[in-house]
2 protein chains.
Amino acid sequence: MSGQGFKIVDIEQDLIKANEKIAKKIQKLFHEKGIKTFDIVGAIGAGKTMILETLVERLKGKYRLALVTADVTTEIDADRIRRHGVKCIQINTGRECALTASLLQNVLDQLPLDDIDILFVENVGNLICPADFVVGCDKRIVVVSITEGGHVVIKHPLLFKMSDVAVINKIDLRDVMDVDPEKMVKDALDINPYIKVVLTSAKTGEGIDELVDVLEL
Amino acid sequence: MSGQGFKIVDIEQDLIKANEKIAKKIQKLFHEKGIKTFDIVGAIGAGKTMILETLVERLKGKYRLALVTADVTTEIDADRIRRHGVKCIQINTGRECALTASLLQNVLDQLPLDDIDILFVENVGNLICPADFVVGCDKRIVVVSITEGGHVVIKHPLLFKMSDVAVINKIDLRDVMDVDPEKMVKDALDINPYIKVVLTSAKTGEGIDELVDVLEL
């Protein structure tokens, strides 16, 4: 608390640290079980779930897959994934704008951890909050789409700094949007020179092979 | 704090209440000064700033306007607004995913409150966090776009419950998106029967007259 106002940041620092501890425990467990794990973050409507549906179709014959999808409310995302015949657990975060390690930990007993090669965790659709809350996955994939406007990358540097892979989706709409996808690629690399950027269209399948390569799957 | 995990919600309740107190003070001040105030919330890239640019162009001959734009980082939005010749103050919220009343209060001395008829406050691009933090404006406008996918409304009931007006933007792209805008209108009205819904394209100007009418300006 400070003066007339207050600082959420100060209070949240403790939560962030507590969350990191749980995330480390989860990551250790995943490593012991030999599970490759990916945390998918991104804005609402960027196409995270559709990208995952496409990846599931490509990978389900080769690996034993499982997914966790997080959203403030509804079971819509999990239902979409389950139609592809893979295990998917929905977490509803209520008013919370990011998945926390604690929330993920609560559902781990519902997953057959001894029979999973790859776990994808779809975070809440949000480009700000998940930056503060890791969940114990090995790699983080940030998904944005060109329909969000050309500034979406530079407006969210933190999430691009913290991610290993950036997916710029809905590239099939490049002719109808006043956006330069190459500028978005440049912005991402300016923020994080180590990030691997892939242009995709989950709708047409463009770029999905390259994404699979980048994820080393 | 609870068991192995923790609940951010419990801690944030105090912040939400502290914020409401400041918001009430701000609202009282705006009323004393006779300023009409609008808080514009919505996802990143939904077109909030472009809608405001369009409104500014329509209204600046009739009213004395001022704007506050909030973003985690960058001055991009304020610069866009200033090009239209109106006063605009940028607030950078850092890691915070919503504008707070306290942050707004901090910049009020930079505004000529005796010479403003209408104040638009553009909140951080986020469909979750601003639901908890009012900033003292009379009306809240939630902006989404059809490019965010057909589920964007039902996935964020809280923000639609708390808003007076819903703008469904980028309607010019209806032919290239697999989305039914009328279903989004229905979803918004199912969540909040009192909300006024306007379909717009900030790009082509479609629906902006109707939006001005709905805002009673």
# chains A, B, ... in the order shown; residues from 1 in each chain; ligands from 1

$ calpha_fit_and_write --fixed "chain B" --moving "chain A" --output "PDB file with C-alpha atoms, in the first residue's frame"
ATOM      1  CA  MET A   1      -2.814 -18.383   1.256  1.00  0.00           C
ATOM      2  CA  SER A   2      -4.237 -21.887   1.332  1.00  0.00           C
ATOM      3  CA  GLY A   3      -2.575 -25.293   1.669  1.00  0.00           C
ATOM      4  CA  GLN A   4       0.051 -26.020  -0.939  1.00  0.00           C
ATOM      5  CA  GLY A   5      -1.219 -23.334  -3.289  1.00  0.00           C
ATOM      6  CA  PHE A   6      -2.489 -19.816  -2.873  1.00  0.00           C
ATOM      7  CA  LYS A   7      -5.456 -17.754  -3.919  1.00  0.00           C
ATOM      8  CA  ILE A   8      -4.742 -14.462  -5.603  1.00  0.00           C
ATOM      9  CA  VAL A   9      -8.461 -13.706  -5.412  1.00  0.00           C
ATOM     10  CA  ASP A  10      -8.475 -13.345  -1.610  1.00  0.00           C
ATOM     11  CA  ILE A  11      -5.650 -10.835  -1.591  1.00  0.00           C
ATOM     12  CA  GLU A  12      -7.015  -8.916  -4.540  1.00  0.00           C
ATOM     13  CA  GLN A  13     -10.385  -8.358  -2.882  1.00  0.00           C
ATOM     14  CA  ASP A  14      -8.834  -5.673  -0.654  1.00  0.00           C
ATOM     15  CA  LEU A  15      -7.259  -4.013  -3.662  1.00  0.00           C
ATOM     16  CA  ILE A  16     -10.543  -4.077  -5.532  1.00  0.00           C
ATOM     17  CA  LYS A  17     -12.313  -2.364  -2.639  1.00  0.00           C
ATOM     18  CA  ALA A  18      -9.543   0.227  -2.222  1.00  0.00           C
ATOM     19  CA  ASN A  19      -9.744   0.888  -5.950  1.00  0.00           C
ATOM     20  CA  GLU A  20     -13.528   1.383  -5.802  1.00  0.00           C
ATOM     21  CA  LYS A  21     -13.142   4.069  -3.146  1.00  0.00           C
ATOM     22  CA  ILE A  22     -10.739   6.055  -5.314  1.00  0.00           C
ATOM     23  CA  ALA A  23     -12.971   5.517  -8.361  1.00  0.00           C
ATOM     24  CA  LYS A  24     -15.928   7.025  -6.475  1.00  0.00           C
ATOM     25  CA  LYS A  25     -13.892  10.112  -5.630  1.00  0.00           C
ATOM     26  CA  ILE A  26     -12.878  10.487  -9.264  1.00  0.00           C
ATOM     27  CA  GLN A  27     -16.454  10.056 -10.463  1.00  0.00           C
ATOM     28  CA  LYS A  28     -17.628  12.743  -8.015  1.00  0.00           C
ATOM     29  CA  LEU A  29     -14.991  15.119  -9.369  1.00  0.00           C
ATOM     30  CA  PHE A  30     -16.022  14.424 -12.969  1.00  0.00           C
ATOM     31  CA  HIS A  31     -19.672  15.099 -12.059  1.00  0.00           C
ATOM     32  CA  GLU A  32     -18.768  18.380 -10.338  1.00  0.00           C
ATOM     33  CA  LYS A  33     -16.916  19.448 -13.473  1.00  0.00           C
ATOM     34  CA  GLY A  34     -19.806  18.345 -15.717  1.00  0.00           C
ATOM     35  CA  ILE A  35     -17.657  15.946 -17.722  1.00  0.00           C
ATOM     36  CA  LYS A  36     -19.199  12.940 -19.487  1.00  0.00           C
ATOM     37  CA  THR A  37     -16.848   9.998 -19.086  1.00  0.00           C
ATOM     38  CA  PHE A  38     -16.432   6.695 -20.898  1.00  0.00           C
ATOM     39  CA  ASP A  39     -14.136   3.770 -20.020  1.00  0.00           C
ATOM     40  CA  ILE A  40     -13.300   1.755 -23.128  1.00  0.00           C
ATOM     41  CA  VAL A  41     -12.226  -1.826 -22.470  1.00  0.00           C
ATOM     42  CA  GLY A  42     -11.536  -4.706 -24.813  1.00  0.00           C
ATOM     43  CA  ALA A  43      -9.026  -7.197 -26.134  1.00  0.00           C
ATOM     44  CA  ILE A  44      -5.712  -6.146 -27.595  1.00  0.00           C
ATOM     45  CA  GLY A  45      -6.119  -5.385 -31.274  1.00  0.00           C
ATOM     46  CA  ALA A  46      -9.931  -5.232 -31.169  1.00  0.00           C
ATOM     47  CA  GLY A  47      -9.731  -1.693 -32.546  1.00  0.00           C
ATOM     48  CA  LYS A  48     -10.324   0.422 -29.420  1.00  0.00           C
ATOM     49  CA  THR A  49      -7.900   3.143 -30.499  1.00  0.00           C
ATOM     50  CA  MET A  50      -9.202   3.255 -34.072  1.00  0.00           C
ATOM     51  CA  ILE A  51     -12.792   3.504 -32.803  1.00  0.00           C
ATOM     52  CA  LEU A  52     -11.695   6.401 -30.591  1.00  0.00           C
ATOM     53  CA  GLU A  53      -9.915   8.077 -33.510  1.00  0.00           C
ATOM     54  CA  THR A  54     -13.151   7.849 -35.501  1.00  0.00           C
ATOM     55  CA  LEU A  55     -15.230   9.206 -32.601  1.00  0.00           C
ATOM     56  CA  VAL A  56     -12.750  12.046 -32.058  1.00  0.00           C
ATOM     57  CA  GLU A  57     -13.057  13.088 -35.708  1.00  0.00           C
ATOM     58  CA  ARG A  58     -16.880  13.102 -35.469  1.00  0.00           C
ATOM     59  CA  LEU A  59     -17.119  14.873 -32.104  1.00  0.00           C
ATOM     60  CA  LYS A  60     -14.214  17.300 -31.878  1.00  0.00           C
ATOM     61  CA  GLY A  61     -16.111  20.143 -33.605  1.00  0.00           C
ATOM     62  CA  LYS A  62     -19.054  19.786 -31.211  1.00  0.00           C
ATOM     63  CA  TYR A  63     -17.419  19.044 -27.847  1.00  0.00           C
ATOM     64  CA  ARG A  64     -14.204  19.803 -25.978  1.00  0.00           C
ATOM     65  CA  LEU A  65     -12.596  16.359 -25.840  1.00  0.00           C
ATOM     66  CA  ALA A  66      -9.772  14.792 -23.879  1.00  0.00           C
ATOM     67  CA  LEU A  67      -8.457  11.251 -23.719  1.00  0.00           C
ATOM     68  CA  VAL A  68      -6.390   9.028 -21.496  1.00  0.00           C
ATOM     69  CA  THR A  69      -4.915   5.887 -23.058  1.00  0.00           C
ATOM     70  CA  ALA A  70      -3.510   3.053 -20.961  1.00  0.00           C
ATOM     71  CA  ASP A  71      -1.130   0.337 -22.031  1.00  0.00           C
ATOM     72  CA  VAL A  72       1.471  -1.845 -20.323  1.00  0.00           C
ATOM     73  CA  THR A  73       4.171  -0.115 -22.338  1.00  0.00           C
ATOM     74  CA  THR A  74       4.680   2.245 -25.348  1.00  0.00           C
ATOM     75  CA  GLU A  75       3.141   5.631 -26.237  1.00  0.00           C
ATOM     76  CA  ILE A  76       1.734   4.381 -29.569  1.00  0.00           C
ATOM     77  CA  ASP A  77      -1.975   4.820 -28.766  1.00  0.00           C
ATOM     78  CA  ALA A  78      -1.624   8.360 -27.400  1.00  0.00           C
ATOM     79  CA  ASP A  79       0.427   9.398 -30.419  1.00  0.00           C
ATOM     80  CA  ARG A  80      -2.333   8.145 -32.736  1.00  0.00           C
ATOM     81  CA  ILE A  81      -4.958  10.168 -30.845  1.00  0.00           C
ATOM     82  CA  ARG A  82      -2.810  13.335 -30.649  1.00  0.00           C
ATOM     83  CA  ARG A  83      -2.539  13.418 -34.450  1.00  0.00           C
ATOM     84  CA  HIS A  84      -6.241  14.371 -34.419  1.00  0.00           C
ATOM     85  CA  GLY A  85      -5.401  17.531 -32.452  1.00  0.00           C
ATOM     86  CA  VAL A  86      -6.876  16.560 -29.087  1.00  0.00           C
ATOM     87  CA  LYS A  87      -5.291  16.301 -25.675  1.00  0.00           C
ATOM     88  CA  CYS A  88      -4.290  12.743 -24.811  1.00  0.00           C
ATOM     89  CA  ILE A  89      -2.341  11.433 -21.833  1.00  0.00           C
ATOM     90  CA  GLN A  90      -0.657   8.047 -21.948  1.00  0.00           C
ATOM     91  CA  ILE A  91      -0.504   5.901 -18.822  1.00  0.00           C
ATOM     92  CA  ASN A  92       1.889   2.951 -18.835  1.00  0.00           C
ATOM     93  CA  THR A  93       0.791   0.325 -16.350  1.00  0.00           C
ATOM     94  CA  GLY A  94       4.014  -1.698 -16.413  1.00  0.00           C
ATOM     95  CA  ARG A  95       3.154  -5.278 -15.504  1.00  0.00           C
ATOM     96  CA  GLU A  96      -0.445  -4.450 -14.626  1.00  0.00           C
ATOM     97  CA  CYS A  97      -3.187  -5.785 -16.868  1.00  0.00           C
ATOM     98  CA  ALA A  98      -5.781  -3.099 -16.089  1.00  0.00           C
ATOM     99  CA  LEU A  99      -5.909   0.597 -15.463  1.00  0.00           C
ATOM    100  CA  THR A 100      -6.656   1.353 -11.806  1.00  0.00           C
ATOM    101  CA  ALA A 101      -8.466   4.373 -10.389  1.00  0.00           C
ATOM    102  CA  SER A 102      -5.237   5.234  -8.580  1.00  0.00           C
ATOM    103  CA  LEU A 103      -3.265   5.382 -11.828  1.00  0.00           C
ATOM    104  CA  LEU A 104      -5.948   7.566 -13.398  1.00  0.00           C
ATOM    105  CA  GLN A 105      -5.988   9.832 -10.360  1.00  0.00           C
ATOM    106  CA  ASN A 106      -2.246  10.393 -10.737  1.00  0.00           C
ATOM    107  CA  VAL A 107      -2.659  12.058 -14.144  1.00  0.00           C
ATOM    108  CA  LEU A 108      -5.804  14.132 -13.486  1.00  0.00           C
ATOM    109  CA  ASP A 109      -3.718  17.253 -12.741  1.00  0.00           C
ATOM    110  CA  GLN A 110      -2.434  17.090 -16.327  1.00  0.00           C
ATOM    111  CA  LEU A 111      -5.987  17.497 -17.685  1.00  0.00           C
ATOM    112  CA  PRO A 112      -7.770  20.873 -18.009  1.00  0.00           C
ATOM    113  CA  LEU A 113     -10.841  19.576 -16.156  1.00  0.00           C
ATOM    114  CA  ASP A 114     -12.679  22.909 -16.381  1.00  0.00           C
ATOM    115  CA  ASP A 115     -12.472  22.866 -20.170  1.00  0.00           C
ATOM    116  CA  ILE A 116     -13.524  19.308 -21.012  1.00  0.00           C
ATOM    117  CA  ASP A 117     -16.989  18.126 -22.077  1.00  0.00           C
ATOM    118  CA  ILE A 118     -16.149  14.485 -22.742  1.00  0.00           C
ATOM    119  CA  LEU A 119     -13.325  12.297 -21.464  1.00  0.00           C
ATOM    120  CA  PHE A 120     -12.619   8.934 -23.062  1.00  0.00           C
ATOM    121  CA  VAL A 121     -10.399   6.564 -21.076  1.00  0.00           C
ATOM    122  CA  GLU A 122      -8.947   3.721 -23.107  1.00  0.00           C
ATOM    123  CA  ASN A 123      -8.153   0.864 -20.742  1.00  0.00           C
ATOM    124  CA  VAL A 124      -5.349  -1.690 -21.168  1.00  0.00           C
ATOM    125  CA  GLY A 125      -6.073  -4.189 -23.955  1.00  0.00           C
ATOM    126  CA  ASN A 126      -7.413  -7.065 -21.870  1.00  0.00           C
ATOM    127  CA  LEU A 127     -10.766  -8.823 -21.546  1.00  0.00           C
ATOM    128  CA  ILE A 128     -10.303 -10.142 -18.015  1.00  0.00           C
ATOM    129  CA  CYS A 129      -8.544  -7.781 -15.580  1.00  0.00           C
ATOM    130  CA  PRO A 130     -10.495  -4.526 -16.201  1.00  0.00           C
ATOM    131  CA  ALA A 131     -13.642  -6.314 -14.988  1.00  0.00           C
ATOM    132  CA  ASP A 132     -12.351  -5.976 -11.425  1.00  0.00           C
ATOM    133  CA  PHE A 133     -11.138  -2.398 -11.596  1.00  0.00           C
ATOM    134  CA  VAL A 134     -13.524   0.475 -12.232  1.00  0.00           C
ATOM    135  CA  VAL A 135     -11.892   3.854 -12.807  1.00  0.00           C
ATOM    136  CA  GLY A 136     -14.721   6.292 -12.069  1.00  0.00           C
ATOM    137  CA  CYS A 137     -16.237   6.720 -15.529  1.00  0.00           C
ATOM    138  CA  ASP A 138     -20.016   6.906 -16.025  1.00  0.00           C
ATOM    139  CA  LYS A 139     -20.249   4.381 -18.824  1.00  0.00           C
ATOM    140  CA  ARG A 140     -18.205   1.414 -19.853  1.00  0.00           C
ATOM    141  CA  ILE A 141     -17.866   0.379 -23.496  1.00  0.00           C
ATOM    142  CA  VAL A 142     -16.512  -3.102 -24.262  1.00  0.00           C
ATOM    143  CA  VAL A 143     -14.948  -3.555 -27.702  1.00  0.00           C
ATOM    144  CA  VAL A 144     -14.335  -6.927 -29.330  1.00  0.00           C
ATOM    145  CA  SER A 145     -13.808  -7.816 -32.965  1.00  0.00           C
ATOM    146  CA  ILE A 146     -15.106 -10.639 -35.118  1.00  0.00           C
ATOM    147  CA  THR A 147     -11.500 -11.682 -35.868  1.00  0.00           C
ATOM    148  CA  GLU A 148     -11.162 -12.874 -32.261  1.00  0.00           C
ATOM    149  CA  GLY A 149     -13.493 -15.755 -33.042  1.00  0.00           C
ATOM    150  CA  GLY A 150     -17.148 -16.363 -32.320  1.00  0.00           C
ATOM    151  CA  HIS A 151     -16.578 -17.429 -28.693  1.00  0.00           C
ATOM    152  CA  VAL A 152     -15.001 -14.198 -27.501  1.00  0.00           C
ATOM    153  CA  VAL A 153     -18.236 -12.901 -25.953  1.00  0.00           C
ATOM    154  CA  ILE A 154     -19.353 -16.010 -24.048  1.00  0.00           C
ATOM    155  CA  LYS A 155     -15.813 -16.567 -22.779  1.00  0.00           C
ATOM    156  CA  HIS A 156     -15.819 -13.154 -21.018  1.00  0.00           C
ATOM    157  CA  PRO A 157     -19.233 -12.787 -19.407  1.00  0.00           C
ATOM    158  CA  LEU A 158     -18.030 -10.564 -16.566  1.00  0.00           C
ATOM    159  CA  LEU A 159     -16.922  -7.698 -18.767  1.00  0.00           C
ATOM    160  CA  PHE A 160     -20.156  -7.819 -20.778  1.00  0.00           C
ATOM    161  CA  LYS A 161     -22.185  -7.865 -17.559  1.00  0.00           C
ATOM    162  CA  MET A 162     -20.390  -4.741 -16.355  1.00  0.00           C
ATOM    163  CA  SER A 163     -20.565  -2.766 -19.596  1.00  0.00           C
ATOM    164  CA  ASP A 164     -23.272  -0.429 -20.890  1.00  0.00           C
ATOM    165  CA  VAL A 165     -22.361  -0.690 -24.553  1.00  0.00           C
ATOM    166  CA  ALA A 166     -20.781  -3.523 -26.561  1.00  0.00           C
ATOM    167  CA  VAL A 167     -19.038  -2.774 -29.839  1.00  0.00           C
ATOM    168  CA  ILE A 168     -18.413  -5.688 -32.193  1.00  0.00           C
ATOM    169  CA  ASN A 169     -15.776  -4.317 -34.531  1.00  0.00           C
ATOM    170  CA  LYS A 170     -14.056  -5.283 -37.822  1.00  0.00           C
ATOM    171  CA  ILE A 171     -17.422  -6.144 -39.298  1.00  0.00           C
ATOM    172  CA  ASP A 172     -15.932  -5.351 -42.751  1.00  0.00           C
ATOM    173  CA  LEU A 173     -14.145  -8.740 -42.459  1.00  0.00           C
ATOM    174  CA  ARG A 174     -17.387 -10.710 -42.027  1.00  0.00           C
ATOM    175  CA  ASP A 175     -17.000 -12.424 -45.409  1.00  0.00           C
ATOM    176  CA  VAL A 176     -13.506 -13.765 -44.714  1.00  0.00           C
ATOM    177  CA  MET A 177     -14.106 -14.911 -41.118  1.00  0.00           C
ATOM    178  CA  ASP A 178     -15.979 -18.072 -40.089  1.00  0.00           C
ATOM    179  CA  VAL A 179     -17.918 -16.109 -37.522  1.00  0.00           C
ATOM    180  CA  ASP A 180     -21.569 -15.141 -37.170  1.00  0.00           C
ATOM    181  CA  PRO A 181     -21.713 -11.567 -35.786  1.00  0.00           C
ATOM    182  CA  GLU A 182     -25.431 -11.966 -35.006  1.00  0.00           C
ATOM    183  CA  LYS A 183     -24.588 -14.892 -32.701  1.00  0.00           C
ATOM    184  CA  MET A 184     -22.129 -12.607 -30.882  1.00  0.00           C
ATOM    185  CA  VAL A 185     -24.892  -9.980 -30.484  1.00  0.00           C
ATOM    186  CA  LYS A 186     -27.200 -12.674 -29.088  1.00  0.00           C
ATOM    187  CA  ASP A 187     -24.485 -13.892 -26.688  1.00  0.00           C
ATOM    188  CA  ALA A 188     -23.954 -10.350 -25.384  1.00  0.00           C
ATOM    189  CA  LEU A 189     -27.688  -9.841 -24.816  1.00  0.00           C
ATOM    190  CA  ASP A 190     -28.022 -13.252 -23.154  1.00  0.00           C
ATOM    191  CA  ILE A 191     -25.305 -12.239 -20.680  1.00  0.00           C
ATOM    192  CA  ASN A 192     -26.620  -8.705 -20.177  1.00  0.00           C
ATOM    193  CA  PRO A 193     -30.123  -7.878 -21.482  1.00  0.00           C
ATOM    194  CA  TYR A 194     -29.511  -4.158 -20.828  1.00  0.00           C
ATOM    195  CA  ILE A 195     -26.353  -3.852 -22.932  1.00  0.00           C
ATOM    196  CA  LYS A 196     -26.604  -1.931 -26.203  1.00  0.00           C
ATOM    197  CA  VAL A 197     -24.758  -3.717 -28.979  1.00  0.00           C
ATOM    198  CA  VAL A 198     -23.396  -1.978 -32.066  1.00  0.00           C
ATOM    199  CA  LEU A 199     -21.702  -3.653 -35.037  1.00  0.00           C
ATOM    200  CA  THR A 200     -18.951  -1.416 -36.395  1.00  0.00           C
ATOM    201  CA  SER A 201     -16.047  -1.151 -38.764  1.00  0.00           C
ATOM    202  CA  ALA A 202     -13.726   1.595 -37.564  1.00  0.00           C
ATOM    203  CA  LYS A 203     -11.942   1.111 -40.890  1.00  0.00           C
ATOM    204  CA  THR A 204     -14.908   1.808 -43.203  1.00  0.00           C
ATOM    205  CA  GLY A 205     -16.962   3.899 -40.758  1.00  0.00           C
ATOM    206  CA  GLU A 206     -19.861   1.431 -40.749  1.00  0.00           C
ATOM    207  CA  GLY A 207     -21.886   1.619 -37.532  1.00  0.00           C
ATOM    208  CA  ILE A 208     -20.093   4.682 -36.127  1.00  0.00           C
ATOM    209  CA  ASP A 209     -23.189   6.915 -36.489  1.00  0.00           C
ATOM    210  CA  GLU A 210     -25.172   4.330 -34.560  1.00  0.00           C
ATOM    211  CA  LEU A 211     -22.449   4.207 -31.882  1.00  0.00           C
ATOM    212  CA  VAL A 212     -22.596   8.002 -31.493  1.00  0.00           C
ATOM    213  CA  ASP A 213     -26.397   7.717 -31.078  1.00  0.00           C
ATOM    214  CA  VAL A 214     -26.086   4.927 -28.511  1.00  0.00           C
ATOM    215  CA  LEU A 215     -23.557   6.991 -26.535  1.00  0.00           C
ATOM    216  CA  GLU A 216     -26.096   9.867 -26.642  1.00  0.00           C
ATOM    217  CA  LEU A 217     -23.485  12.304 -28.010  1.00  0.00           C
TER     218      LEU A 217
END

$ select_by_dssp --residues "chain B" --states "strand (DSSP E)" --output "PyMOL selection string"
chain B and resi 36-42+65-71+87-92+118-125+139-145+165-169+196-199

$ write_last_selection --atoms "N, CA and C atoms" --output "compact mmCIF listing (two decimals), in the first residue's frame"
# COMPACT_ATOMS: atom_id res chain seq x y z
N LYS B 36 -18.72 14.28 -19.16
CA LYS B 36 -19.21 12.94 -19.49
C LYS B 36 -18.00 12.02 -19.66
N THR B 37 -18.03 10.85 -19.06
CA THR B 37 -16.84 10.00 -19.09
C THR B 37 -17.16 8.58 -19.55
N PHE B 38 -16.27 8.05 -20.36
CA PHE B 38 -16.44 6.70 -20.90
C PHE B 38 -15.14 5.91 -20.70
N ASP B 39 -15.27 4.69 -20.20
CA ASP B 39 -14.13 3.78 -20.02
C ASP B 39 -14.23 2.73 -21.12
N ILE B 40 -13.24 2.69 -21.99
CA ILE B 40 -13.29 1.76 -23.13
C ILE B 40 -12.38 0.57 -22.84
N VAL B 41 -12.98 -0.61 -22.74
CA VAL B 41 -12.21 -1.82 -22.46
C VAL B 41 -12.33 -2.77 -23.66
N GLY B 42 -11.45 -3.74 -23.72
CA GLY B 42 -11.53 -4.71 -24.82
C GLY B 42 -10.20 -5.39 -25.05
N LEU B 65 -12.93 17.74 -26.16
CA LEU B 65 -12.60 16.35 -25.85
C LEU B 65 -11.24 16.23 -25.18
N ALA B 66 -11.09 15.20 -24.38
CA ALA B 66 -9.77 14.80 -23.88
C ALA B 66 -9.76 13.29 -23.74
N LEU B 67 -8.57 12.70 -23.83
CA LEU B 67 -8.45 11.25 -23.73
C LEU B 67 -7.30 10.86 -22.81
N VAL B 68 -7.47 9.71 -22.22
CA VAL B 68 -6.39 9.05 -21.50
C VAL B 68 -6.29 7.65 -22.10
N THR B 69 -5.08 7.26 -22.52
CA THR B 69 -4.92 5.89 -23.05
C THR B 69 -3.96 5.13 -22.15
N ALA B 70 -4.32 3.89 -21.86
CA ALA B 70 -3.51 3.07 -20.96
C ALA B 70 -3.00 1.83 -21.68
N ASP B 71 -1.77 1.50 -21.41
CA ASP B 71 -1.12 0.37 -22.04
C ASP B 71 0.00 -0.11 -21.13
N LYS B 87 -6.14 16.63 -26.83
CA LYS B 87 -5.30 16.33 -25.67
C LYS B 87 -5.41 14.83 -25.34
N CYS B 88 -4.26 14.18 -25.20
CA CYS B 88 -4.28 12.76 -24.82
C CYS B 88 -3.11 12.45 -23.91
N ILE B 89 -3.40 11.83 -22.78
CA ILE B 89 -2.35 11.45 -21.84
C ILE B 89 -2.18 9.94 -21.85
N GLN B 90 -0.93 9.50 -21.97
CA GLN B 90 -0.65 8.06 -21.96
C GLN B 90 -0.29 7.62 -20.55
N ILE B 91 -0.91 6.55 -20.09
CA ILE B 91 -0.50 5.92 -18.83
C ILE B 91 0.11 4.56 -19.16
N ASN B 92 1.32 4.31 -18.69
CA ASN B 92 1.89 2.98 -18.84
C ASN B 92 1.74 2.23 -17.53
N ILE B 118 -16.14 15.97 -22.71
CA ILE B 118 -16.15 14.50 -22.75
C ILE B 118 -14.73 13.97 -22.55
N LEU B 119 -14.61 12.98 -21.66
CA LEU B 119 -13.33 12.30 -21.46
C LEU B 119 -13.48 10.82 -21.81
N PHE B 120 -12.67 10.37 -22.76
CA PHE B 120 -12.61 8.94 -23.07
C PHE B 120 -11.36 8.36 -22.42
N VAL B 121 -11.53 7.27 -21.70
CA VAL B 121 -10.39 6.59 -21.08
C VAL B 121 -10.25 5.21 -21.74
N GLU B 122 -9.17 5.04 -22.47
CA GLU B 122 -8.95 3.73 -23.11
C GLU B 122 -8.16 2.85 -22.15
N ASN B 123 -8.77 1.78 -21.71
CA ASN B 123 -8.15 0.87 -20.74
C ASN B 123 -7.09 0.00 -21.42
N VAL B 124 -6.32 -0.73 -20.64
CA VAL B 124 -5.34 -1.68 -21.17
C VAL B 124 -6.07 -2.74 -22.00
N GLY B 125 -5.46 -3.16 -23.10
CA GLY B 125 -6.07 -4.18 -23.96
C GLY B 125 -6.12 -5.53 -23.26
N LYS B 139 -19.84 5.52 -17.98
CA LYS B 139 -20.24 4.39 -18.83
C LYS B 139 -19.03 3.58 -19.26
N ARG B 140 -19.25 2.29 -19.38
CA ARG B 140 -18.18 1.42 -19.85
C ARG B 140 -18.58 0.84 -21.21
N ILE B 141 -17.64 0.91 -22.14
CA ILE B 141 -17.85 0.37 -23.48
C ILE B 141 -16.89 -0.78 -23.67
N VAL B 142 -17.39 -1.97 -23.99
CA VAL B 142 -16.50 -3.10 -24.25
C VAL B 142 -16.40 -3.31 -25.77
N VAL B 143 -15.17 -3.39 -26.26
CA VAL B 143 -14.94 -3.55 -27.71
C VAL B 143 -14.32 -4.92 -27.97
N VAL B 144 -14.96 -5.70 -28.82
CA VAL B 144 -14.33 -6.93 -29.32
C VAL B 144 -14.40 -6.88 -30.84
N SER B 145 -13.72 -7.80 -31.49
CA SER B 145 -13.81 -7.80 -32.96
C SER B 145 -14.11 -9.21 -33.43
N VAL B 165 -22.32 -0.62 -23.09
CA VAL B 165 -22.34 -0.70 -24.55
C VAL B 165 -21.33 -1.75 -25.00
N ALA B 166 -21.71 -2.59 -25.95
CA ALA B 166 -20.77 -3.54 -26.54
C ALA B 166 -20.59 -3.19 -28.01
N VAL B 167 -19.34 -3.04 -28.42
CA VAL B 167 -19.04 -2.78 -29.83
C VAL B 167 -18.41 -4.04 -30.41
N ILE B 168 -19.00 -4.55 -31.49
CA ILE B 168 -18.41 -5.70 -32.18
C ILE B 168 -17.82 -5.17 -33.48
N ASN B 169 -16.50 -5.07 -33.49
CA ASN B 169 -15.79 -4.32 -34.52
C ASN B 169 -15.24 -5.23 -35.64
N LYS B 196 -26.27 -2.35 -24.81
CA LYS B 196 -26.59 -1.94 -26.18
C LYS B 196 -25.46 -2.40 -27.08
N VAL B 197 -25.79 -3.15 -28.12
CA VAL B 197 -24.75 -3.74 -28.97
C VAL B 197 -24.73 -3.04 -30.33
N VAL B 198 -23.54 -2.65 -30.76
CA VAL B 198 -23.39 -1.99 -32.06
C VAL B 198 -22.34 -2.73 -32.88
N LEU B 199 -22.68 -3.07 -34.11
CA LEU B 199 -21.70 -3.67 -35.04
C LEU B 199 -21.01 -2.54 -35.78

$ select_by_dssp --residues "segment 13-217 of chain A" --states "alpha helix (DSSP H)" --output "VMD selection string"
chain A and resid 13 to 33 48 to 59 76 to 82 101 to 107 157 to 161 181 to 191 208 to 214
